[in-house]
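**Q** Dropping a structure here in structure tokens format, bear with me for questions.
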Amino acid sequence: SPAFTITADDVTILGPGVIDGDPTDSGTNSTDPGILVQAGADNFILQNVEVKRWADGARVDGNVTSLKIVGSWFHSNTDAGLEVNGDIAGITTIEGNLFKVNGGNGVTYAGAGLLKAEYNAWGDLGGPNAGSGDGVDPGTVDFEPFTFAEFFIDVDPDLEATEREVPEGTDFDVELKADTANLFGLTFKIVYDTSWLTLNSTIFSAPWVNRCAAIPPTTAGEIYYYCNLRAGDGEWTVDGDTVATLNFTTAAGTTGENGPWETTLDISHAILDTSAGARNGAKIYVNNAGFNDPSASERDITDTDDGKITILGQAQYTGYVDLQGRANDSGALVSVFDSNARSTAVLLADATSASSGTYTTAYVGATPLTIGSTYWLLVDRALYLPTTLASADYGDSKLLDTRPLTLLATLILLGGDATNDDTIDIYDLSCIGGDYGMTSGFTECGGAGSGGSSDVNGDSLINIQDLSLSGGNWYLSESPWTP
């Protein structure tokens with residue numbers, strides 16, 4: 001039999017609560033309606049109740065005066081969510097309900113005229129007769145305007161993603177986005193782990209600028225707001241638009257570990273935390289907050305990982321450069337690139353060797369070096385041969401595998417390039433030989449601006465050591481190195 005058979009006037013069934021036609025989970029729906037309203041049972045009110053697994057969720061079997069079906073969830077019924085088989089005089093209020101995954105239409109009507117069922121949600125952004133929406137007969141049911149609300153986190157606004165890799169100590173944006181139809185107000189709570197993320201700002205997008213306020217008390221690790229439009233703003237109907245942009249900074253990784261480390265962002269699906277409303281005060285069910293399946297599986301906010309951030313360990317390269325023929329090993333430039341293609345490679349970090357030959361790279365821009373990535377390296381100095389021939393792609397690379405510093409093999413940079421053209425040939429020897437014995441006024445080998453000099457070992461004396469340095473690297477064009 002029905003759970004409730006209504007024969008008297010002014011009966012109210014008030015939730016929250018569930019009227020279930022298959023409470024033992026047998027897999028078979030009841031063959032009766034969950035609520036049967038008899039003819040003449042005037043002003044029946046159903047509010048904030050879940051009605052599931054019946055033939056019809058609720059059925060009105062005759063003419064009544066006034067009917068109020070408000071804020072309820074009709075789903076998984078064999079036939080209609082709500083079936084009205086009579087005329088309704090007086091007040092008809094069917095709004096703020098969610099009709100979803102019923103076997104028949106969400107609402108059916110066999111009375112005279114149009115049944116007013118505005119500001120209800122039907123399980124699809126496009127309304128009752130689109131996509132997976134519970135249908136209605138537009139010739140018998142007035143369903144417009146309809147409602148929809150689905151909130152989700154986009155952790156990489158350029159890609160619309162649920163997962164993202166971010167280096168430690170780095171600022172990044174996350175967006176709270178929504179699919180909505182005729183939404184006028186909302187609340188949301190996003191929870192994050194303060195040990196891994198620091199919130200820098202919450203910036204609202206139009207039309208929510210100056211329409212939102214934080215809900216006290218403020219708790220660390222919670223972003224909790226209510227937002228409400230005002231007269232003249234219009235209702236919000238969007239497909240994937242941004243409510244707010246959240247800027248975070250990732251924390252430094254655990255000492256002694258290379259990472260990566262994972263943390264999550266969670267939209268609380270509790271009704272008090274995340275909810276939506278229409279202009280007339282009607283409830284809008286948040287479609288992906290546990291009310292049957294969301295529009296896409298990754299938008300299910302009933303879990304605790306609505307956005308995942310993988311924090312990557314950062315590191316730098318360190319090592320030594322031995323300048324052949326010199327006691328002072330300063331001045332070698334170590335450059336770190338993102339790829340081996342010289343024409344398109346981006347310089348990410350560099351360093352200059354000290355007198356001891358030591359160096360540690362530092363960033364030259366905003367892009368960090370992350371653990372687990374391979375980078376391409378070039379070492380060069382005036383009067384010395386680079387590690388890679390200038391006309392070719394960068395030839396040396398090293399996996400960044402130790403945080404905070406990854407050690408590179410010691411490099412012996414070959415000297416004697418008096419013309420500073422990355423090749424040691426007769427022009428270098430001729431320039432050095434021409435200045436042999438001089439202690440000042442050395443020739444700028446290769447011409448003005450070339451950076452060349454006959455004093456290839458930098459000792460302010462042109463002698464056999466300079467000639468021997470060039471002659472020993474005769475016809476070489478690069479310094480061999482396995483980083």
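How things are named: the first chain in the structure tokens is A, the next is B, and so on; residues count from 1 in each chain; ligands count from 1 in the order shown.
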Using only C-alpha atoms, which residues sit within 12 Å of Gly221 of chain A once same-chain residues fewer than 5 positions away are excluded, as a ChimeraX atom specification?
**A** /A:189-200,248,264-267
**Q** Just the strand (DSSP E or B) stuff from segment 149-232 of chain A, please, per backbone DSSP, written as a ChimeraX atom specification.
**A** /A:149-154,163-167,171-183,185-192,197-204,212-214,222-228
**Q** So, with only C-alpha atoms as the atoms that count, which of A:Glu298, A:Ser356, A:Tyr317, A:Trp474 lies closest to Leu385 of chain A?
**A**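 Checking each candidate against Leu385 of chain A, we get A:Trp474 as the closest.
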**Q** Per residue of segment 239-314 of chain A within 9 Å of segment 67-73 of chain A, record the nearest atom pair and its distance in Å to one decimal, counting only C-alpha atoms, with rows in chain order and ascending residue number, as JSON lines.
**A**
{"residue": "A:Ala282", "atom": "CA", "partner": "A:Gly71", "partner_atom": "CA", "distance": 7.3}
{"residue": "A:Lys283", "atom": "CA", "partner": "A:Gly71", "partner_atom": "CA", "distance": 5.8}
{"residue": "A:Ile284", "atom": "CA", "partner": "A:Gly71", "partner_atom": "CA", "distance": 8.0}
{"residue": "A:Tyr285", "atom": "CA", "partner": "A:Gly71", "partner_atom": "CA", "distance": 8.3}
{"residue": "A:Phe291", "atom": "CA", "partner": "A:Trp73", "partner_atom": "CA", "distance": 8.2}
**Q** Now that the selection is made, can you save its residues with C-alpha atoms as an mmCIF file, in the first residue's frame?
**A**
data_model
loop_
_atom_site.group_PDB
_atom_site.id
_atom_site.type_symbol
_atom_site.label_atom_id
_atom_site.label_comp_id
_atom_site.auth_asym_id
_atom_site.auth_seq_id
_atom_site.Cartn_x
_atom_site.Cartn_y
_atom_site.Cartn_z
ATOM 1 C CA ALA A 282 12.945 28.144 -3.995
ATOM 2 C CA LYS A 283 15.555 25.557 -3.089
ATOM 3 C CA ILE A 284 17.903 24.411 -5.834
ATOM 4 C CA TYR A 285 19.358 20.977 -5.224
ATOM 5 C CA PHE A 291 21.508 13.451 -5.279
#
**Q** Distance table requested - segment 353-427 of chain A against segment 319-330 of chain A, cut-off 12 Å, only C-alpha atoms: one row per qualifying residue with the closest atom pair and its distance in Å to one decimal, ordered by chain and rising residue number, as CSV.
**A**
residue,atom,partner,partner_atom,distance
A:Ser353,CA,A:Ser330,CA,4.9
A:Ala354,CA,A:Ser330,CA,4.3
A:Ser355,CA,A:Ser330,CA,4.2
A:Ser356,CA,A:Asp329,CA,5.9
A:Gly357,CA,A:Asp329,CA,4.8
A:Thr358,CA,A:Tyr320,CA,4.4
A:Tyr359,CA,A:Gly319,CA,5.8
A:Thr360,CA,A:Gly319,CA,6.9
A:Thr361,CA,A:Gly319,CA,9.3
A:Leu378,CA,A:Val321,CA,11.9
A:Val379,CA,A:Val321,CA,8.7
A:Asp380,CA,A:Val321,CA,9.9
A:Arg381,CA,A:Leu323,CA,8.9
A:Ala382,CA,A:Leu323,CA,10.8
A:Leu383,CA,A:Leu323,CA,10.2
A:Tyr384,CA,A:Leu323,CA,8.1
A:Leu385,CA,A:Leu323,CA,10.2
A:Pro386,CA,A:Leu323,CA,11.4
A:Thr387,CA,A:Val321,CA,11.2
A:Leu405,CA,A:Gly319,CA,9.4
A:Thr406,CA,A:Gly319,CA,8.4
A:Leu407,CA,A:Gly319,CA,5.6
A:Leu408,CA,A:Gly319,CA,5.1
A:Ala409,CA,A:Gly319,CA,6.5
A:Thr410,CA,A:Tyr320,CA,5.0
A:Leu411,CA,A:Val321,CA,4.9
A:Ile412,CA,A:Asp322,CA,4.7
A:Leu413,CA,A:Leu323,CA,5.1
A:Leu414,CA,A:Gln324,CA,5.5
A:Gly415,CA,A:Gln324,CA,5.7
A:Gly416,CA,A:Gln324,CA,8.8
A:Asp417,CA,A:Gln324,CA,11.6
**Q** Excluding Ala362 of chain A and its own-chain neighbours fewer than 5 positions away, which residues fall within 9 Å of it when counting only C-alpha atoms? Please give them as a list in words.
**A**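 These residues fall inside the cut-off: Gln316, Tyr317, Leu348, Ala349, Asp350 and Ala351 of chain A.
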**Q** Using C-alpha atoms, can you write the selected residues to a file as a compact mmCIF listing (two decimals), in the first residue's frame?
**A**
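Ended up saving to part_2.txt:
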# COMPACT_ATOMS: atom_id res chain seq x y z
CA GLN A 316 69.14 23.14 -7.86
CA TYR A 317 72.28 21.80 -9.47
CA LEU A 348 65.49 28.34 -16.27
CA ALA A 349 68.51 28.70 -13.98
CA ASP A 350 72.18 29.59 -14.07
CA ALA A 351 75.28 30.07 -11.94
**Q** Tell me, as a tab-separated table (two decimals) with N, CA and C atoms, in the first residue's frame, which residues lie within 12 Å of Gly433 of chain A, counting only C-alpha atoms; anything in the same chain fewer than 2 positions away does not count.
**A**
chain	number	residue	atom	x	y	z
A	418	ALA	N	91.73	31.37	-28.03
A	418	ALA	CA	92.12	32.78	-28.00
A	418	ALA	C	91.16	33.66	-28.79
A	426	ILE	N	94.45	27.35	-36.17
A	426	ILE	CA	95.66	28.12	-36.45
A	426	ILE	C	95.54	29.59	-36.07
A	427	TYR	N	94.31	30.13	-36.11
A	427	TYR	CA	94.11	31.54	-35.77
A	427	TYR	C	94.41	31.80	-34.30
A	428	ASP	N	94.09	30.83	-33.45
A	428	ASP	CA	94.39	30.98	-32.02
A	428	ASP	C	95.90	30.95	-31.78
A	429	LEU	N	96.56	29.96	-32.39
A	429	LEU	CA	98.01	29.86	-32.20
A	429	LEU	C	98.74	31.06	-32.78
A	430	SER	N	98.27	31.55	-33.90
A	430	SER	CA	98.92	32.70	-34.53
A	430	SER	C	98.81	33.94	-33.66
A	431	CYS	N	97.64	34.13	-33.05
A	431	CYS	CA	97.44	35.31	-32.21
A	431	CYS	C	98.33	35.24	-30.97
A	435	ASP	N	101.99	37.59	-29.93
A	435	ASP	CA	102.18	38.37	-28.69
A	435	ASP	C	103.18	37.71	-27.76
A	436	TYR	N	103.90	36.73	-28.24
A	436	TYR	CA	104.78	35.95	-27.37
A	436	TYR	C	105.76	36.86	-26.62
A	437	GLY	N	105.82	36.66	-25.29
A	437	GLY	CA	106.74	37.42	-24.45
A	437	GLY	C	106.16	38.71	-23.92
A	438	MET	N	105.00	39.12	-24.38
A	438	MET	CA	104.40	40.38	-23.93
A	438	MET	C	103.80	40.22	-22.52
A	442	PHE	N	97.83	43.05	-24.80
A	442	PHE	CA	97.59	41.81	-25.55
A	442	PHE	C	96.58	42.02	-26.67
A	443	THR	N	96.77	41.28	-27.74
A	443	THR	CA	95.88	41.36	-28.89
A	443	THR	C	94.50	40.78	-28.54
A	445	CYS	N	92.22	38.80	-29.83
A	445	CYS	CA	92.13	37.82	-30.91
A	445	CYS	C	90.69	37.69	-31.39
A	453	SER	N	91.50	36.87	-26.50
A	453	SER	CA	92.74	37.42	-25.96
A	453	SER	C	93.85	36.40	-26.11
A	454	SER	N	95.05	36.90	-26.36
A	454	SER	CA	96.18	35.99	-26.45
A	454	SER	C	96.59	35.44	-25.09
A	455	ASP	N	96.13	36.08	-23.99
A	455	ASP	CA	96.45	35.62	-22.64
A	455	ASP	C	95.39	34.60	-22.21
A	456	VAL	N	95.46	33.41	-22.77
A	456	VAL	CA	94.38	32.44	-22.58
A	456	VAL	C	94.36	31.84	-21.18
A	462	ILE	N	102.32	36.32	-21.88
A	462	ILE	CA	102.15	35.44	-23.02
A	462	ILE	C	103.42	34.61	-23.17
A	463	ASN	N	103.27	33.29	-22.93
A	463	ASN	CA	104.45	32.43	-22.96
A	463	ASN	C	104.06	31.04	-23.44
A	464	ILE	N	104.95	30.09	-23.19
A	464	ILE	CA	104.73	28.74	-23.69
A	464	ILE	C	103.50	28.09	-23.08
A	465	GLN	N	103.10	28.54	-21.83
A	465	GLN	CA	101.90	27.94	-21.22
A	465	GLN	C	100.65	28.26	-22.05
A	466	ASP	N	100.58	29.48	-22.58
A	466	ASP	CA	99.43	29.83	-23.42
A	466	ASP	C	99.44	29.02	-24.71
A	467	LEU	N	100.63	28.91	-25.33
A	467	LEU	CA	100.73	28.13	-26.55
A	467	LEU	C	100.42	26.66	-26.30
A	468	SER	N	100.93	26.14	-25.19
A	468	SER	CA	100.70	24.72	-24.89
A	468	SER	C	99.22	24.44	-24.63
A	470	SER	N	96.59	26.02	-25.93
A	470	SER	CA	95.90	25.97	-27.22
A	470	SER	C	96.33	24.76	-28.03
A	471	GLY	N	97.64	24.51	-28.08
A	471	GLY	CA	98.13	23.39	-28.88
A	471	GLY	C	97.63	22.06	-28.38
**Q** Name the closest residue to Trp236 of chain A among the candidates A:Leu186, A:Ala251, A:Ile271, A:Ala220; distances are taken between atoms, counting only C-alpha atoms.
**A**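 Of A:Leu186, A:Ala251, A:Ile271, A:Ala220, the one nearest Trp236 of chain A is A:Leu186, counting only C-alpha atoms.
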**Q** How close does each residue of segment 249-330 of chain A get to segment 205-217 of chain A, giving the shortest atom pair and distance in Å to one decimal for every residue with an atom at most 12 Å away, counting only C-alpha atoms, sorted by chain and residue number, as CSV?
**A**
residue,atom,partner,partner_atom,distance
A:Leu272,CA,A:Ile215,CA,11.3
A:Asp273,CA,A:Ile215,CA,9.8
A:Thr274,CA,A:Ile215,CA,11.9
**Q** Those same residues, written as a PDB file, in the first residue's frame with N, CA and C atoms?
**A**
ATOM      1  N   LEU A 272      24.001  22.466   4.630  1.00  0.00           N
ATOM      2  CA  LEU A 272      24.247  23.724   5.324  1.00  0.00           C
ATOM      3  C   LEU A 272      25.497  24.421   4.808  1.00  0.00           C
ATOM      4  N   ASP A 273      26.403  23.672   4.207  1.00  0.00           N
ATOM      5  CA  ASP A 273      27.671  24.231   3.731  1.00  0.00           C
ATOM      6  C   ASP A 273      27.607  24.672   2.276  1.00  0.00           C
ATOM      7  N   THR A 274      27.025  23.849   1.426  1.00  0.00           N
ATOM      8  CA  THR A 274      26.978  24.128  -0.008  1.00  0.00           C
ATOM      9  C   THR A 274      25.547  23.956  -0.489  1.00  0.00           C
TER      10      THR A 274
END
**Q** Run DSSP on the backbone and tell me which residues of segment 194-440 of chain A come out as alpha helix (DSSP H); list them as a CSV table (one decimal) with N, CA, C and O atoms, in the first residue's frame.
**A**
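In the end it all went to selection.csv:
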chain,number,residue,atom,x,y,z
A,426,ILE,N,94.4,27.4,-36.2
A,426,ILE,CA,95.7,28.1,-36.5
A,426,ILE,C,95.5,29.6,-36.1
A,426,ILE,O,96.5,30.3,-35.7
A,427,TYR,N,94.3,30.1,-36.1
A,427,TYR,CA,94.1,31.5,-35.8
A,427,TYR,C,94.4,31.8,-34.3
A,427,TYR,O,94.9,32.9,-33.9
A,428,ASP,N,94.1,30.8,-33.4
A,428,ASP,CA,94.4,31.0,-32.0
A,428,ASP,C,95.9,30.9,-31.8
A,428,ASP,O,96.5,31.8,-31.1
A,429,LEU,N,96.6,30.0,-32.4
A,429,LEU,CA,98.0,29.9,-32.2
A,429,LEU,C,98.7,31.1,-32.8
A,429,LEU,O,99.7,31.6,-32.2
A,430,SER,N,98.3,31.5,-33.9
A,430,SER,CA,98.9,32.7,-34.5
A,430,SER,C,98.8,33.9,-33.7
A,430,SER,O,99.8,34.7,-33.5
A,431,CYS,N,97.6,34.1,-33.1
A,431,CYS,CA,97.4,35.3,-32.2
A,431,CYS,C,98.3,35.2,-31.0
A,431,CYS,O,99.0,36.2,-30.6
A,432,ILE,N,98.4,34.0,-30.4
A,432,ILE,CA,99.2,33.9,-29.2
A,432,ILE,C,100.7,34.1,-29.5
A,432,ILE,O,101.5,34.8,-28.9
A,433,GLY,N,101.1,33.4,-30.6
A,433,GLY,CA,102.5,33.5,-31.1
A,433,GLY,C,102.9,35.0,-31.4
A,433,GLY,O,104.0,35.4,-31.1
A,434,GLY,N,102.0,35.7,-31.9
A,434,GLY,CA,102.3,37.1,-32.3
A,434,GLY,C,102.5,38.0,-31.1
A,434,GLY,O,103.2,39.0,-31.2
**Q** Please determine, counting only C-alpha atoms, which residue among A:Gly169, A:Gly40, A:Pro23, A:Pro33 has the shortest atom-to-atom distance to Asp10 of chain A.
**A**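 Answer, going by the shortest atom-to-atom distance: A:Gly40.
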**Q** At a cut-off of 7 Å, using only C-alpha atoms, what residues contact Phe146 of chain A? Leave out same-chain residues fewer than 2 positions from it and give the result as a list in words.
**A**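 After dropping sequence-adjacent residues, the list is Glu118, Tyr119, Asn120, Ala121, Gly127, Phe143, Glu144, Ala181 and Asn182 of chain A.
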**Q** Print the selection's residues with C-alpha atoms to a file, as an mmCIF file, in the first residue's frame.
**A**
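Result file follows (part.cif):
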data_model
loop_
_atom_site.group_PDB
_atom_site.id
_atom_site.type_symbol
_atom_site.label_atom_id
_atom_site.label_comp_id
_atom_site.auth_asym_id
_atom_site.auth_seq_id
_atom_site.Cartn_x
_atom_site.Cartn_y
_atom_site.Cartn_z
ATOM 1 C CA GLU A 118 8.317 26.375 -12.185
ATOM 2 C CA TYR A 119 11.693 26.621 -10.438
ATOM 3 C CA ASN A 120 12.276 22.890 -10.156
ATOM 4 C CA ALA A 121 15.426 20.969 -11.072
ATOM 5 C CA GLY A 127 16.058 21.231 -18.230
ATOM 6 C CA PHE A 143 8.203 24.061 -16.157
ATOM 7 C CA GLU A 144 9.995 27.281 -17.130
ATOM 8 C CA ALA A 181 20.239 27.584 -14.485
ATOM 9 C CA ASN A 182 18.352 30.509 -12.932
#
**Q** Ranking A:Asn420, A:Ser450, A:Asn77, A:Asn287 by minimum distance to Thr28 of chain A and counting only C-alpha atoms, which one comes first?
**A**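 Of A:Asn420, A:Ser450, A:Asn77, A:Asn287, the one nearest Thr28 of chain A, counting only C-alpha atoms, is A:Asn77.
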